[in-house]
$ cat my_file_38.pdb   # PDB, C-alpha atoms, pLDDT in the B column
ATOM      1  CA  MET A   1     109.032 100.568  97.405  1.00 57.00           C
ATOM      2  CA  SER A   2     110.383  98.454  94.536  1.00 87.00           C
ATOM      3  CA  GLU A   3     113.805  98.681  92.975  1.00 93.00           C
ATOM      4  CA  ILE A   4     115.979  97.134  90.294  1.00 95.00           C
ATOM      5  CA  HIS A   5     119.472  95.946  91.161  1.00 96.00           C
ATOM      6  CA  ILE A   6     121.559  94.151  88.527  1.00 97.00           C
ATOM      7  CA  VAL A   7     125.260  93.340  88.800  1.00 98.00           C
ATOM      8  CA  ARG A   8     127.348  92.116  85.878  1.00 98.00           C
ATOM      9  CA  ASP A   9     131.054  91.416  85.529  1.00 98.00           C
ATOM     10  CA  TYR A  10     132.622  92.356  82.197  1.00 98.00           C
ATOM     11  CA  PRO A  11     136.124  91.225  81.138  1.00 98.00           C
ATOM     12  CA  HIS A  12     137.007  94.770  80.069  1.00 97.00           C
ATOM     13  CA  SER A  13     138.634  97.787  81.721  1.00 96.00           C
ATOM     14  CA  PRO A  14     136.565 100.337  83.641  1.00 96.00           C
ATOM     15  CA  ALA A  15     137.536 102.952  81.017  1.00 95.00           C
ATOM     16  CA  LYS A  16     136.074 100.828  78.216  1.00 97.00           C
ATOM     17  CA  VAL A  17     132.886  99.961  80.144  1.00 97.00           C
ATOM     18  CA  TRP A  18     132.444 103.613  81.183  1.00 97.00           C
ATOM     19  CA  ARG A  19     132.680 104.754  77.588  1.00 96.00           C
ATOM     20  CA  ALA A  20     130.178 102.126  76.421  1.00 96.00           C
ATOM     21  CA  MET A  21     127.704 103.225  79.078  1.00 96.00           C
ATOM     22  CA  THR A  22     128.160 106.996  78.784  1.00 97.00           C
ATOM     23  CA  ASP A  23     129.081 107.875  75.190  1.00 95.00           C
ATOM     24  CA  PRO A  24     125.855 109.127  73.550  1.00 93.00           C
ATOM     25  CA  GLU A  25     126.963 107.640  70.218  1.00 91.00           C
ATOM     26  CA  LEU A  26     127.387 104.176  71.800  1.00 92.00           C
ATOM     27  CA  ILE A  27     124.327 104.061  74.089  1.00 92.00           C
ATOM     28  CA  PRO A  28     121.857 103.112  71.302  1.00 90.00           C
ATOM     29  CA  TYR A  29     123.908 100.013  70.483  1.00 89.00           C
ATOM     30  CA  TRP A  30     123.397  98.371  73.871  1.00 90.00           C
ATOM     31  CA  THR A  31     119.882  99.701  74.436  1.00 86.00           C
ATOM     32  CA  SER A  32     118.815  98.147  71.113  1.00 71.00           C
ATOM     33  CA  THR A  33     118.285  94.866  72.973  1.00 66.00           C
ATOM     34  CA  GLY A  34     115.487  96.649  74.850  1.00 55.00           C
ATOM     35  CA  LYS A  35     113.449  99.353  73.145  1.00 59.00           C
ATOM     36  CA  GLY A  36     116.407 101.095  71.516  1.00 70.00           C
ATOM     37  CA  ALA A  37     116.649 104.421  73.281  1.00 84.00           C
ATOM     38  CA  ARG A  38     119.043 107.133  72.232  1.00 88.00           C
ATOM     39  CA  ALA A  39     120.296 109.713  74.724  1.00 93.00           C
ATOM     40  CA  GLU A  40     119.542 113.226  73.446  1.00 95.00           C
ATOM     41  CA  GLY A  41     121.571 115.975  75.097  1.00 97.00           C
ATOM     42  CA  PHE A  42     123.400 113.583  77.392  1.00 97.00           C
ATOM     43  CA  ALA A  43     126.817 114.342  78.828  1.00 96.00           C
ATOM     44  CA  PRO A  44     128.248 112.741  81.986  1.00 97.00           C
ATOM     45  CA  VAL A  45     128.300 116.132  83.732  1.00 97.00           C
ATOM     46  CA  ALA A  46     126.298 116.994  86.853  1.00 98.00           C
ATOM     47  CA  GLY A  47     123.396 119.319  86.054  1.00 98.00           C
ATOM     48  CA  THR A  48     122.972 118.059  82.473  1.00 98.00           C
ATOM     49  CA  ARG A  49     119.321 117.540  81.519  1.00 98.00           C
ATOM     50  CA  PHE A  50     118.785 114.950  78.811  1.00 97.00           C
ATOM     51  CA  ARG A  51     116.203 112.599  77.376  1.00 96.00           C
ATOM     52  CA  PHE A  52     116.143 108.972  76.421  1.00 93.00           C
ATOM     53  CA  VAL A  53     114.038 108.794  73.267  1.00 91.00           C
ATOM     54  CA  ALA A  54     112.654 105.532  71.908  1.00 87.00           C
ATOM     55  CA  LYS A  55     109.730 104.384  69.821  1.00 85.00           C
ATOM     56  CA  PRO A  56     106.430 105.288  71.548  1.00 84.00           C
ATOM     57  CA  MET A  57     104.175 102.433  72.611  1.00 80.00           C
ATOM     58  CA  PRO A  58     100.583 102.311  73.848  1.00 82.00           C
ATOM     59  CA  GLY A  59     100.624 103.899  77.296  1.00 76.00           C
ATOM     60  CA  TRP A  60     104.123 105.369  76.893  1.00 80.00           C
ATOM     61  CA  ARG A  61     105.193 108.441  74.938  1.00 86.00           C
ATOM     62  CA  GLY A  62     108.648 107.043  74.187  1.00 87.00           C
ATOM     63  CA  ILE A  63     110.510 109.684  76.214  1.00 92.00           C
ATOM     64  CA  VAL A  64     112.256 109.541  79.577  1.00 93.00           C
ATOM     65  CA  ASP A  65     113.352 112.887  81.015  1.00 95.00           C
ATOM     66  CA  CYS A  66     116.525 112.776  83.091  1.00 97.00           C
ATOM     67  CA  GLU A  67     119.007 114.976  84.927  1.00 98.00           C
ATOM     68  CA  VAL A  68     122.549 114.005  85.864  1.00 98.00           C
ATOM     69  CA  LEU A  69     123.003 114.498  89.605  1.00 98.00           C
ATOM     70  CA  GLU A  70     126.458 113.068  90.296  1.00 98.00           C
ATOM     71  CA  VAL A  71     129.421 111.826  88.286  1.00 98.00           C
ATOM     72  CA  ARG A  72     132.703 110.252  89.295  1.00 98.00           C
ATOM     73  CA  GLU A  73     134.325 109.285  86.013  1.00 96.00           C
ATOM     74  CA  ARG A  74     134.788 105.527  85.609  1.00 96.00           C
ATOM     75  CA  GLU A  75     133.106 104.984  89.009  1.00 98.00           C
ATOM     76  CA  LEU A  76     129.607 106.453  89.302  1.00 98.00           C
ATOM     77  CA  LEU A  77     126.833 107.979  87.231  1.00 98.00           C
ATOM     78  CA  HIS A  78     123.656 109.025  89.105  1.00 98.00           C
ATOM     79  CA  TYR A  79     120.670 110.542  87.299  1.00 98.00           C
ATOM     80  CA  THR A  80     116.940 111.037  87.733  1.00 98.00           C
ATOM     81  CA  TRP A  81     114.381 109.205  85.602  1.00 95.00           C
ATOM     82  CA  VAL A  82     110.891 110.500  84.756  1.00 94.00           C
ATOM     83  CA  GLY A  83     109.070 108.180  82.361  1.00 87.00           C
ATOM     84  CA  ALA A  84     105.702 109.976  82.354  1.00 85.00           C
ATOM     85  CA  GLU A  85     104.760 113.624  82.646  1.00 85.00           C
ATOM     86  CA  GLY A  86     104.036 114.562  86.256  1.00 85.00           C
ATOM     87  CA  GLU A  87     105.725 111.428  87.615  1.00 87.00           C
ATOM     88  CA  THR A  88     107.917 111.700  90.711  1.00 91.00           C
ATOM     89  CA  PRO A  89     111.529 111.160  89.632  1.00 95.00           C
ATOM     90  CA  SER A  90     113.146 107.836  90.370  1.00 94.00           C
ATOM     91  CA  HIS A  91     116.915 107.450  90.557  1.00 97.00           C
ATOM     92  CA  VAL A  92     119.365 105.437  88.464  1.00 97.00           C
ATOM     93  CA  ARG A  93     122.944 104.711  89.503  1.00 98.00           C
ATOM     94  CA  TYR A  94     125.689 103.037  87.510  1.00 98.00           C
ATOM     95  CA  ARG A  95     128.607 101.930  89.687  1.00 98.00           C
ATOM     96  CA  LEU A  96     131.821 100.587  88.197  1.00 98.00           C
ATOM     97  CA  GLU A  97     134.457  98.777  90.226  1.00 98.00           C
ATOM     98  CA  PRO A  98     137.720  97.376  88.878  1.00 98.00           C
ATOM     99  CA  THR A  99     138.141  93.640  89.417  1.00 98.00           C
ATOM    100  CA  ALA A 100     141.022  91.253  88.729  1.00 97.00           C
ATOM    101  CA  GLY A 101     139.259  90.165  85.530  1.00 96.00           C
ATOM    102  CA  GLY A 102     137.885  93.531  84.353  1.00 97.00           C
ATOM    103  CA  THR A 103     134.963  95.555  85.710  1.00 98.00           C
ATOM    104  CA  ARG A 104     132.004  94.889  87.994  1.00 98.00           C
ATOM    105  CA  PHE A 105     129.076  97.000  86.818  1.00 98.00           C
ATOM    106  CA  ALA A 106     126.109  97.588  89.127  1.00 98.00           C
ATOM    107  CA  TYR A 107     122.835  99.079  87.882  1.00 97.00           C
ATOM    108  CA  HIS A 108     120.538 100.327  90.627  1.00 97.00           C
ATOM    109  CA  HIS A 109     117.170 102.000  89.910  1.00 95.00           C
ATOM    110  CA  THR A 110     115.183 103.101  92.975  1.00 95.00           C
ATOM    111  CA  GLY A 111     112.138 105.188  93.753  1.00 93.00           C
ATOM    112  CA  PHE A 112     109.302 103.090  92.328  1.00 88.00           C
ATOM    113  CA  THR A 113     106.225 103.456  94.524  1.00 84.00           C
ATOM    114  CA  GLY A 114     102.787 101.864  94.723  1.00 82.00           C
ATOM    115  CA  ILE A 115     101.359  99.046  92.649  1.00 81.00           C
ATOM    116  CA  GLY A 116     102.167 100.907  89.410  1.00 80.00           C
ATOM    117  CA  GLY A 117     105.753 101.310  90.544  1.00 82.00           C
ATOM    118  CA  PHE A 118     105.969  97.622  91.383  1.00 83.00           C
ATOM    119  CA  ALA A 119     104.760  96.707  87.882  1.00 84.00           C
ATOM    120  CA  MET A 120     107.117  99.235  86.250  1.00 84.00           C
ATOM    121  CA  ALA A 121     110.092  97.914  88.222  1.00 87.00           C
ATOM    122  CA  LYS A 122     109.300  94.362  87.050  1.00 89.00           C
ATOM    123  CA  LEU A 123     108.978  95.458  83.412  1.00 84.00           C
ATOM    124  CA  LEU A 124     112.061  97.700  83.396  1.00 87.00           C
ATOM    125  CA  GLY A 125     114.050  95.114  85.342  1.00 91.00           C
ATOM    126  CA  ALA A 126     113.500  92.508  82.636  1.00 90.00           C
ATOM    127  CA  VAL A 127     114.454  94.966  79.885  1.00 89.00           C
ATOM    128  CA  ARG A 128     117.564  96.181  81.755  1.00 92.00           C
ATOM    129  CA  THR A 129     118.660  92.611  82.442  1.00 94.00           C
ATOM    130  CA  LYS A 130     118.539  91.862  78.716  1.00 93.00           C
ATOM    131  CA  MET A 131     120.441  95.062  77.889  1.00 93.00           C
ATOM    132  CA  LEU A 132     123.179  94.361  80.440  1.00 96.00           C
ATOM    133  CA  THR A 133     123.406  90.647  79.642  1.00 95.00           C
ATOM    134  CA  ALA A 134     123.179  90.762  75.833  1.00 92.00           C
ATOM    135  CA  GLY A 135     123.522  94.347  74.594  1.00 92.00           C
ATOM    136  CA  VAL A 136     126.483  95.582  76.625  1.00 95.00           C
ATOM    137  CA  PRO A 137     128.693  92.487  76.068  1.00 95.00           C
ATOM    138  CA  ALA A 138     127.987  92.625  72.308  1.00 92.00           C
ATOM    139  CA  LEU A 139     128.994  96.283  72.214  1.00 94.00           C
ATOM    140  CA  LEU A 140     132.095  95.785  74.375  1.00 96.00           C
ATOM    141  CA  ALA A 141     133.287  93.063  71.988  1.00 94.00           C
ATOM    142  CA  GLU A 142     133.160  95.614  69.149  1.00 93.00           C
ATOM    143  CA  LEU A 143     135.232  98.298  70.928  1.00 95.00           C
ATOM    144  CA  ASP A 144     138.994  98.672  71.047  1.00 93.00           C
ATOM    145  CA  ASP A 145     140.830  99.139  74.351  1.00 89.00           C
ATOM    146  CA  THR A 146     140.081 102.886  74.363  1.00 86.00           C
ATOM    147  CA  GLY A 147     136.347 102.280  73.891  1.00 89.00           C
ATOM    148  CA  ALA A 148     136.259 103.352  70.233  1.00 89.00           C
ATOM    149  CA  LEU A 149     134.267 101.272  67.757  1.00 88.00           C
ATOM    150  CA  LEU A 150     136.416  98.908  65.714  1.00 90.00           C
ATOM    151  CA  PRO A 151     136.534  99.995  62.044  1.00 85.00           C
ATOM    152  CA  ASP A 152     134.101  97.355  60.766  1.00 81.00           C
ATOM    153  CA  ALA A 153     131.911  97.166  63.901  1.00 74.00           C
ATOM    154  CA  PRO A 154     128.953  99.211  62.612  1.00 67.00           C
ATOM    155  CA  LEU A 155     128.366  96.456  60.034  1.00 58.00           C
ATOM    156  CA  ARG A 156     127.976  93.854  62.801  1.00 63.00           C
ATOM    157  CA  LEU A 157     126.036  95.826  65.413  1.00 66.00           C
ATOM    158  CA  THR A 158     122.367  96.674  65.232  1.00 61.00           C
ATOM    159  CA  ARG A 159     121.647 100.295  65.978  1.00 56.00           C
ATOM    160  CA  PRO A 160     118.047 101.471  66.285  1.00 53.00           C
ATOM    161  CA  ARG A 161     116.735 104.263  64.106  1.00 48.00           C
TER     162      ARG A 161
END
$ encode --input "my_file_38.pdb" --output "C-alpha cells"
Amino acid sequence: MSEIHIVRDYPHSPAKVWRAMTDPELIPYWTSTGKGARAEGFAPVAGTRFRFVAKPMPGWRGIVDCEVLEVRERELLHYTWVGAEGETPSHVRYRLEPTAGGTRFAYHHTGFTGIGGFAMAKLLGAVRTKMLTAGVPALLAELDDTGALLPDAPLRLTRPR
C-alpha cells in the first residue's frame, strides 16, 4: 500500500494554520497551486459529508467525495477521500503541533492500493507538496493573527474560479 506523508513547519500559530486549512472560504487560495479545488459543504465537524470540486480533466470528473470522521480543533482533521465513483475510500489526516517557532503541520494520506493506487499516490503527492510548500505559505502571509484575510489580500492572492 502506498501513502503520502508531508511535514511542513510554518512560522504561524496553530490557530492561524488551522483556519487556513479548514475555512471553506480560504481553502481555494492554497489549493490553487494544485488544481484549485473548493470545498463544497465542508465544516470541520465529524459526520459532515462534503466535496472538493475542481476543473474536470481527462480521466477525472473533478470531484472528490469526502466525509469528516474525526476533529480535534487546532490538532487533527481526519476525513475520507473518494476520487472516483465506486472507489474504496482512502484517508486523509491533518495534524497540527505547536512548536517554538509556530506550527508543525503533517499531511498523511493513506489507503492507496494496487498499481493504480501507487500511481495516484505519486501524482497526488507531488500536487500536495506544491500546495503545502507554495500555496499555504502564500496564504498564511496574507492572514492576520486571527486567520482573517488582510483587507487588501484578495488583490494579491489567486483564487480559482
$ resolve_selection --input "my_file_38.pdb" --expression "the PyMOL selection byres ((chain A and resi 63) around 12)" --output "number ranges by chain"
A: 35-40, 50-57, 59-62, 64-66, 81-85
$ write_last_selection --input "my_file_38.pdb" --atoms "C-alpha atoms" --output "compact mmCIF listing (two decimals), in the coordinates of the input"
# COMPACT_ATOMS: atom_id res chain seq x y z
CA LYS A 35 113.45 99.35 73.14
CA GLY A 36 116.41 101.10 71.52
CA ALA A 37 116.65 104.42 73.28
CA ARG A 38 119.04 107.13 72.23
CA ALA A 39 120.30 109.71 74.72
CA GLU A 40 119.54 113.23 73.45
CA PHE A 50 118.78 114.95 78.81
CA ARG A 51 116.20 112.60 77.38
CA PHE A 52 116.14 108.97 76.42
CA VAL A 53 114.04 108.79 73.27
CA ALA A 54 112.65 105.53 71.91
CA LYS A 55 109.73 104.38 69.82
CA PRO A 56 106.43 105.29 71.55
CA MET A 57 104.18 102.43 72.61
CA GLY A 59 100.62 103.90 77.30
CA TRP A 60 104.12 105.37 76.89
CA ARG A 61 105.19 108.44 74.94
CA GLY A 62 108.65 107.04 74.19
CA VAL A 64 112.26 109.54 79.58
CA ASP A 65 113.35 112.89 81.02
CA CYS A 66 116.52 112.78 83.09
CA TRP A 81 114.38 109.20 85.60
CA VAL A 82 110.89 110.50 84.76
CA GLY A 83 109.07 108.18 82.36
CA ALA A 84 105.70 109.98 82.35
CA GLU A 85 104.76 113.62 82.65
$ axis_aligned_box --input "my_file_38.pdb" --around "segment 113-131 of chain A" --padding-each-side "5 Å" --output "JSON"
{"center_x": 110.9, "center_y": 97.7, "center_z": 86.3, "size_x": 29.1, "size_y": 21.6, "size_z": 26.8}
$ atom_distance --input "my_file_38.pdb" --atom1 "atom CA of Leu96 of chain A" --atom2 "atom CA of Trp18 of chain A"
7.7 Å
$ resolve_selection --input "my_file_38.pdb" --expression "the PyMOL selection byres ((chain A and resi 108-114) around 6)" --output "PyMOL selection string"
chain A and resi 1-5+90-93+107+115-117
$ resolve_selection --input "my_file_38.pdb" --expression "the PyMOL selection byres ((chain A and resi 136) around 10)" --output "list in words"
Arg8, Tyr10, Val17, Ala20, Met21, Leu26, Ile27, Tyr29, Trp30, Thr31, Ser32, Thr33, Lys130, Met131, Leu132, Thr133, Ala134, Gly135, Pro137, Ala138, Leu139, Leu140 and Ala141 of chain A
$ closest_residue --input "my_file_38.pdb" --among "A:Ala100, A:His12, A:Arg49, A:Arg95" --to "Glu73 of chain A" --atoms "all atoms listed in the file"
A:Arg95
